[in-house]
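In what follows, a single structure is set out as structure tokens and then discussed.
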Amino acid sequence: MAVALSSRLQYGRLGAIGLAGGLFSGLLGVGGGVVMVPLLVLWGGYGQRDAHAVSLGAIIPISAAGVLIFGAAGEIRVWEALALAAGSIAGAQLGA
């Protein structure tokens, strides 16, 4: 019984962390590394490396939601986004 309660509490915390990350991502363009990683470490009990891995996995649906919203409004600049993506992919490989 204690395991189930603890597990539900952990999923609730993860949901709250995801909500904060998504909110800040939508408002400010940041959420994963700035909001989710510190909260996963401090509140979720994750190690630093695991928190980064979980945050990176969460960025995919957060980004997809943003692309859908901004795309529907005709606000996406494809060539600028591709240039940023190319630099980000290289930077992520160097940083990891």
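Numbering starts fresh at 1 for the residues of each chain in the structure tokens, the chains themselves are lettered A, B, ... in the order given, and ligands are numbered from 1 as they appear.
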
Exercise for review: Run DSSP on the backbone and give me the residues of chain A it puts in helix (DSSP H, G or I), as a ChimeraX atom specification.
Suggested key: /A:2-28,32-42,48-72,78-95

Quick one: contact table of range 41-80 of chain A to range 9-26 of chain A, 9 Å max, nearest atom pair and distance in Å to one decimal per residue, counting only C-alpha atoms, chain and number order, as CSV?
residue,atom,partner,partner_atom,distance
A:Trp43,CA,A:Arg13,CA,7.6
A:Gly44,CA,A:Arg13,CA,6.7
A:Ser55,CA,A:Gly18,CA,8.9
A:Ala58,CA,A:Gly18,CA,7.9
A:Ile59,CA,A:Gly22,CA,8.9
A:Ile62,CA,A:Gly22,CA,6.3
A:Ser63,CA,A:Ser25,CA,8.6
A:Gly66,CA,A:Gly26,CA,7.1

Expected file: the selected residues, C-alpha atoms, as a JSON list (two decimals), in the first residue's frame:
[["chain", "number", "residue", "atom", "x", "y", "z"],
["A", 43, "TRP", "CA", 11.74, 17.82, -5.65],
["A", 44, "GLY", "CA", 11.64, 14.62, -7.68],
["A", 55, "SER", "CA", 13.85, 16.54, -19.34],
["A", 58, "ALA", "CA", 9.85, 15.71, -22.25],
["A", 59, "ILE", "CA", 11.03, 18.43, -24.63],
["A", 62, "ILE", "CA", 6.42, 20.23, -25.44],
["A", 63, "SER", "CA", 8.05, 21.34, -28.70],
["A", 66, "GLY", "CA", 4.39, 24.70, -29.52]]

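Checking A:Gly33, A:Gly71, A:Pro38, A:Gly91 one by one against Gly57 in chain A, counting only C-alpha atoms, you find the shortest gap at A:Gly33.
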